[in-house]
Structures are given as structure tokens and as C-alpha cells.
There are 2 protein chains.
Amino acid sequence: MSNNQFKRGELYSVINGMATTAVARRLQKNFRNAGLDITIEQWSVLYHLWKEDGLSQLELGNRTFRDKASTTRLIDNLEKQELVIRVASKDDRRINLVYLTDIAKPLQQITYELANQTMNEALLNINKEEIEIVKNVFQRVYDNLMSKDLS
Amino acid sequence: MSNNQFKRGELYSVINGMATTAVARRLQKNFRNAGLDITIEQWSVLYHLWKEDGLSQLELGNRTFRDKASTTRLIDNLEKQELVIRVASKDDRRINLVYLTDIAKPLQQITYELANQTMNEALLNINKEEIEIVKNVFQRVYDNLMSKDLS
DNA sequence: TTATATTAGTTGCATAACTAACTATATGTC
DNA sequence: GACATATAGTTAGTTATGCAACTAATATAA
């Protein structure tokens with residue numbers, strides 16, 4: 001109906017393949033070149049812990065858009081690298097609270113710088129208004145699909 | 001510099017986690033509910049073959065933003081499911097041309113419908129101008145990062 | 001024409017994703 | 001208290017991703 005009709009999932013293939021892959025690879029490359037041995041997926045978890053330490057695995061999954069199985073393994077790997085530790089909650093022993101270690105803490109500064117630098121490269125010729133529209137569109141797309149999640 | 005500065009890779013986490021994941025999951029779910037046993041990654045390859053059959057693996061990789069190793073394995077799996085076949089090029093025997101089978105051909109119609117339906121859900125309240133801006137921004141982001149690929 | 005470099009594709013290794021089935025703890029109801 | 005249900009996290013199985021090292025075929029240069 002109307003002129004929102006979109007033909008052949010074209011936007012999906014544009015968005016999902018192109019730009020996000022390119023940004024992800026560049027960011028990963030910038031981490032590697034800086035001698036940082038973490039994946040961008042691991043970084044996405046650390047990112048939320050730097051903002052608020054001691055989140056549960058489920059909450060980390062919500063904030064990083066992952067299911068709990070994926071979150072478990074990501075944290076397994078982060079724990080192997082001694083970047084986080086799991087601490088069982090005293091109130092509810094089903095819950096693992098995830099805390100940053102002293103190894104992870106100093107990585108915040110440099111990874112933020114690398115992320116900023118990467119996004120500045122990516123957004124070189126893109127103005128504020130356009131960025132706001134993209135963010136806004138993606139928020140609405142997410143809301144459209146997640147509000148009625150048909151499992 | 002200037003007001004393109006972007007703080008803390010925020011846009012990256014917005015874009016990469018949220019909307020693309022939500023759309024991908026919904027599309028995969030819609031495939032599954034329709035009894036289609038293909039992944040959206042496999043679909044992204046078939047999508048380009050329906051537009052132009054008999055592409056080389058490398059060309060398919062370019063069009064779907066994958067490296068050649070990923071393309072190899074995706075086509076391994078498509079071949080296992082008898083959706084495509086590899087045919088060595090007569091001109092250059094290094095090249096595999098990838099062709100749709102009779103099993104894959106009738107899937108075009110239904111998967112296009114499901115992709116359209118999914119995107120229409122996703123883009124329900126988003127107008128043409130916004131969509132054009134998103135596509136345009138993503139194209140420029142891709143160009144920004146890929147034009148000077150530092151390997 | 002022989003040696004060298006380039007190109008297309010494959011394989012090994014590690015990480016990550018999703019689904020479904022599972023364990024252990026907590027909550028709610030009788 | 002006992003039984004059913006819900007919740008947080010783990011595990012198994014399959015697919016996908018990226019990098020690096022490899023093979024085989026082609027192109028280039030001497």
C-alpha cells in the first residue's frame with residue numbers, strides 16, 4: 001500500500017551488507033593495528049560495562065542486541081582473556097554479574113579514540129542532520145519489528 | 001574537527017546492533033515460517049543469481065560484500081542443498097561459474113514476497129525521503145572506507 | 001621457454017550467531 | 001511444605017565470518 005512499498009528487500013541488502021560490514025571491518029582493523037587483541041563484538045560488551053559496571057548477562061544481551069546463548073560465549077571469551085569476571089549475585093544466585101578487571105579498564109580510552117577515529121572517517125562527508133535521520137530511522141525500524149515480536 | 005565529529009562510536013553501536021539485526025532476524029523468521037529452509041545469507045547469494053545467473057564466486061563475493069573464503073563456504077552449503085551448481089569456466093579454468101538449479105528457481109517469487117513484506121513492516125512509518133537519505137548515507141560511508149582500504 | 005608474479009578458489013583456525021534442549025535457582029499456588 | 005511455573009544461564013549442533021596459508025591455473029617477463 002501507499003508509497004512506502006519497498007521492492008525486493010533492496011534496502012535490506014544495501015544496509016546489511018554494505019556499510020555496517022565496512023565499518024565493522026575498519027574498526028576491527030584499527031583495533032588490530034593498535035595492538036588490541038579484542039574483537040568488535042567483545043568491545044561492544046566492554047563498551048556497556050564501561051558505562052555501567054556489574055550488569056547481568058541478560059541485561060548485557062539486551063543492550064547489545066544478543067540472545068543469552070551468544071552473550072554467554074562472548075563472556076566466556078572475555079573471561080578467558082581476563083577482561084571481565086563473573087560474580088554470582090547475592091540476591092539471586094541465578095544471576096551472574098559481570099565486572100571489568102583491571103586489565104580491561106585502561107582499554108576504554110584507546111578504544112573510544114579508535115571508534116571515534118573510525119566513525120569520523122566513515123562519516124567524513126555526512127552532516128549532522130543526515131546522521132540524525134539515520135539514527136531516527138533505525139530506531140523506528142527496530143521498534144516496528146520488536147514491538148510485535150512473533151517469536 | 002568541525003561538527004562531523006562523532007562521539008564514542010555511538011552511531012556504530014546503534015546501526016550495527018539494532019536495526020540490521022532486527023530486520024535480519026525477522027526476515028529469517030519469515031522464511032522459516034513459510035517453510036523455507038534457507039538462511040538469509042544464502043538468500044543474499046541467490047538474490048544476485050536471480051538477477052544474473054552464472055556469476056563467478058569472486059563476483060558474487062563483491063556483490064554481497066563477502067571475502068572469497070566466506071563465499072566459498074556459502075556456496076558449498078548452497079550446493080549441498082542442491083540450490084546451485086559450480087561449473088568451471090571454459091575460458092579460464094580457475095573460475096567457477098555458479099548457476100541456479102531448477103530447485104532454486106521457483107524460490108525467487110516467494111522469497112521476494114517475504115522480503116517485501118518484511119521491509120514493509122520495518123519501514124511502516126518511514127517515508128521515501130528518509131529511505132533515500134539512509135541509502136545515500138550508507139553508500140557514502142561504504143565509499144569513504146573502501147576507497148582507501150588499508151588492508 | 002622458462003622463471004616469476006598474479007589471480008580464483010579452498011582449507012585450517014578462531015570467533016560469533018541462532019535455535020533448542022538442558023540445569024539450577026526462584027516464585028507462586030494449593 | 002509440595003508441585004508447577006518462570007527465569008538466568010549453559011551446552012550442543014549448525015551456519016557464517018575473517019585472516020592467513022595454501023593449490024592450481026593463467027599471465028608476464030626474461
# chains A, B, ... in the order shown; residues from 1 in each chain; ligands from 1
>>> residues_around(residues="segment 6-19 of chain C", least_positions_apart="4", cutoff="7 Å", atoms="only C-alpha atoms (C1' of nucleotides)", output="CSV table (one decimal) with all heavy atoms, in the first residue's frame")
chain,number,residue,atom,x,y,z
A,70,SER,N,24.4,-16.4,22.9
A,70,SER,CA,25.6,-15.6,22.3
A,70,SER,C,26.3,-14.8,23.4
A,70,SER,O,27.5,-14.8,23.4
A,70,SER,CB,25.1,-14.7,21.3
A,70,SER,OG,24.3,-15.3,20.3
B,94,ARG,N,40.4,-21.5,-13.7
B,94,ARG,CA,40.4,-21.1,-12.3
B,94,ARG,C,39.1,-20.7,-11.8
B,94,ARG,O,38.8,-20.7,-10.6
B,94,ARG,CB,41.4,-19.9,-12.1
B,94,ARG,CG,42.8,-20.2,-12.2
B,94,ARG,CD,43.7,-18.9,-12.2
B,94,ARG,NE,43.2,-18.0,-13.3
B,94,ARG,CZ,43.8,-16.9,-13.5
B,94,ARG,NH1,44.9,-16.5,-12.8
B,94,ARG,NH2,43.4,-16.1,-14.5
B,95,ILE,N,38.2,-20.2,-12.7
B,95,ILE,CA,37.0,-19.6,-12.3
B,95,ILE,C,35.8,-20.6,-12.2
B,95,ILE,O,35.7,-21.4,-13.1
B,95,ILE,CB,36.6,-18.5,-13.4
B,95,ILE,CG1,37.6,-17.4,-13.4
B,95,ILE,CG2,35.2,-18.0,-13.1
B,95,ILE,CD1,37.4,-16.4,-14.4
>>> select_by_dssp(residues="segment 38-105 of chain B", states="strand (DSSP E or B)", output="VMD selection string")
chain B and resid 55 to 56 84 to 88 96 to 100
>>> interface_residues(of="chain A", to="chain D", cutoff="12 Å", atoms="only C-alpha atoms (C1' of nucleotides)", output="PyMOL selection string")
chain A and resi 21+24-25+28-29+32+39+56-59+61+67-73+75-76+86+88-89+92-97
>>> residues_around(residues="segment 122-124 of chain A", least_positions_apart="2", cutoff="9 Å", atoms="only C-alpha atoms (C1' of nucleotides)", output="mmCIF file with N, CA, C and O atoms, in the first residue's frame")
data_model
loop_
_atom_site.group_PDB
_atom_site.id
_atom_site.type_symbol
_atom_site.label_atom_id
_atom_site.label_comp_id
_atom_site.auth_asym_id
_atom_site.auth_seq_id
_atom_site.Cartn_x
_atom_site.Cartn_y
_atom_site.Cartn_z
ATOM 1 N N ALA A 19 27.396 -0.978 4.434
ATOM 2 C CA ALA A 19 28.039 -0.031 5.320
ATOM 3 C C ALA A 19 28.409 -0.638 6.660
ATOM 4 O O ALA A 19 29.492 -0.384 7.177
ATOM 5 N N ALA A 22 31.463 -2.725 6.291
ATOM 6 C CA ALA A 22 32.645 -1.904 6.041
ATOM 7 C C ALA A 22 33.119 -1.235 7.325
ATOM 8 O O ALA A 22 34.316 -1.220 7.616
ATOM 9 N N VAL A 23 32.183 -0.695 8.095
ATOM 10 C CA VAL A 23 32.566 -0.034 9.342
ATOM 11 C C VAL A 23 33.124 -1.057 10.323
ATOM 12 O O VAL A 23 34.152 -0.822 10.962
ATOM 13 N N GLN A 117 37.724 7.805 15.788
ATOM 14 C CA GLN A 117 38.508 7.997 14.577
ATOM 15 C C GLN A 117 37.873 7.253 13.410
ATOM 16 O O GLN A 117 37.727 7.789 12.311
ATOM 17 N N THR A 118 37.456 6.017 13.665
ATOM 18 C CA THR A 118 36.830 5.207 12.623
ATOM 19 C C THR A 118 35.533 5.849 12.144
ATOM 20 O O THR A 118 35.284 5.953 10.931
ATOM 21 N N MET A 119 34.713 6.293 13.088
ATOM 22 C CA MET A 119 33.440 6.893 12.695
ATOM 23 C C MET A 119 33.669 8.227 11.987
ATOM 24 O O MET A 119 32.913 8.588 11.090
ATOM 25 N N ASN A 120 34.703 8.935 12.380
ATOM 26 C CA ASN A 120 34.983 10.195 11.682
ATOM 27 C C ASN A 120 35.384 9.948 10.230
ATOM 28 O O ASN A 120 34.968 10.682 9.339
ATOM 29 N N ILE A 126 29.372 13.493 5.786
ATOM 30 C CA ILE A 126 27.961 13.308 6.133
ATOM 31 C C ILE A 126 27.616 14.269 7.252
ATOM 32 O O ILE A 126 28.341 14.355 8.242
ATOM 33 N N ASN A 127 26.552 15.028 7.043
ATOM 34 C CA ASN A 127 26.289 16.084 8.023
ATOM 35 C C ASN A 127 25.380 15.635 9.161
ATOM 36 O O ASN A 127 24.772 14.567 9.105
ATOM 37 N N ILE A 131 22.893 12.277 9.818
ATOM 38 C CA ILE A 131 23.163 11.301 10.875
ATOM 39 C C ILE A 131 21.953 11.137 11.781
ATOM 40 O O ILE A 131 21.561 10.016 12.132
ATOM 41 N N ASN B 4 31.258 17.287 12.282
ATOM 42 C CA ASN B 4 31.031 15.899 11.910
ATOM 43 C C ASN B 4 31.557 14.953 12.982
ATOM 44 O O ASN B 4 31.297 13.763 12.961
ATOM 45 N N GLN B 5 32.320 15.492 13.891
ATOM 46 C CA GLN B 5 32.867 14.701 14.985
ATOM 47 C C GLN B 5 31.786 13.849 15.614
ATOM 48 O O GLN B 5 30.704 14.311 15.917
ATOM 49 N N PHE B 6 32.103 12.603 15.841
ATOM 50 C CA PHE B 6 31.103 11.720 16.415
ATOM 51 C C PHE B 6 31.663 11.046 17.640
ATOM 52 O O PHE B 6 32.760 10.520 17.636
ATOM 53 N N VAL B 137 23.431 7.790 2.576
ATOM 54 C CA VAL B 137 24.442 7.879 3.628
ATOM 55 C C VAL B 137 25.273 6.596 3.657
ATOM 56 O O VAL B 137 26.499 6.644 3.725
ATOM 57 N N ARG B 140 27.725 6.393 0.903
ATOM 58 C CA ARG B 140 28.895 7.257 1.107
ATOM 59 C C ARG B 140 29.813 6.715 2.195
ATOM 60 O O ARG B 140 31.039 6.824 2.101
ATOM 61 N N VAL B 141 29.219 6.120 3.241
ATOM 62 C CA VAL B 141 30.043 5.510 4.289
ATOM 63 C C VAL B 141 30.904 4.401 3.680
ATOM 64 O O VAL B 141 32.105 4.319 3.918
ATOM 65 N N TYR B 142 30.255 3.592 2.880
ATOM 66 C CA TYR B 142 30.982 2.492 2.229
ATOM 67 C C TYR B 142 32.116 3.032 1.376
ATOM 68 O O TYR B 142 33.252 2.559 1.457
ATOM 69 N N ASP B 143 31.805 4.030 0.566
ATOM 70 C CA ASP B 143 32.831 4.621 -0.294
ATOM 71 C C ASP B 143 33.955 5.236 0.527
ATOM 72 O O ASP B 143 35.127 5.081 0.193
ATOM 73 N N ASN B 144 33.614 5.915 1.595
ATOM 74 C CA ASN B 144 34.634 6.530 2.441
ATOM 75 C C ASN B 144 35.635 5.496 2.934
ATOM 76 O O ASN B 144 36.835 5.748 2.967
ATOM 77 N N LEU B 145 35.129 4.333 3.334
ATOM 78 C CA LEU B 145 36.012 3.346 3.951
ATOM 79 C C LEU B 145 36.690 2.459 2.927
ATOM 80 O O LEU B 145 37.807 2.014 3.132
#
>>> select_by_dssp(residues="segment 25-59 of chain A", states="helix (DSSP H, G or I)", output="number ranges by chain")
A: 25-33, 40-51, 57-59
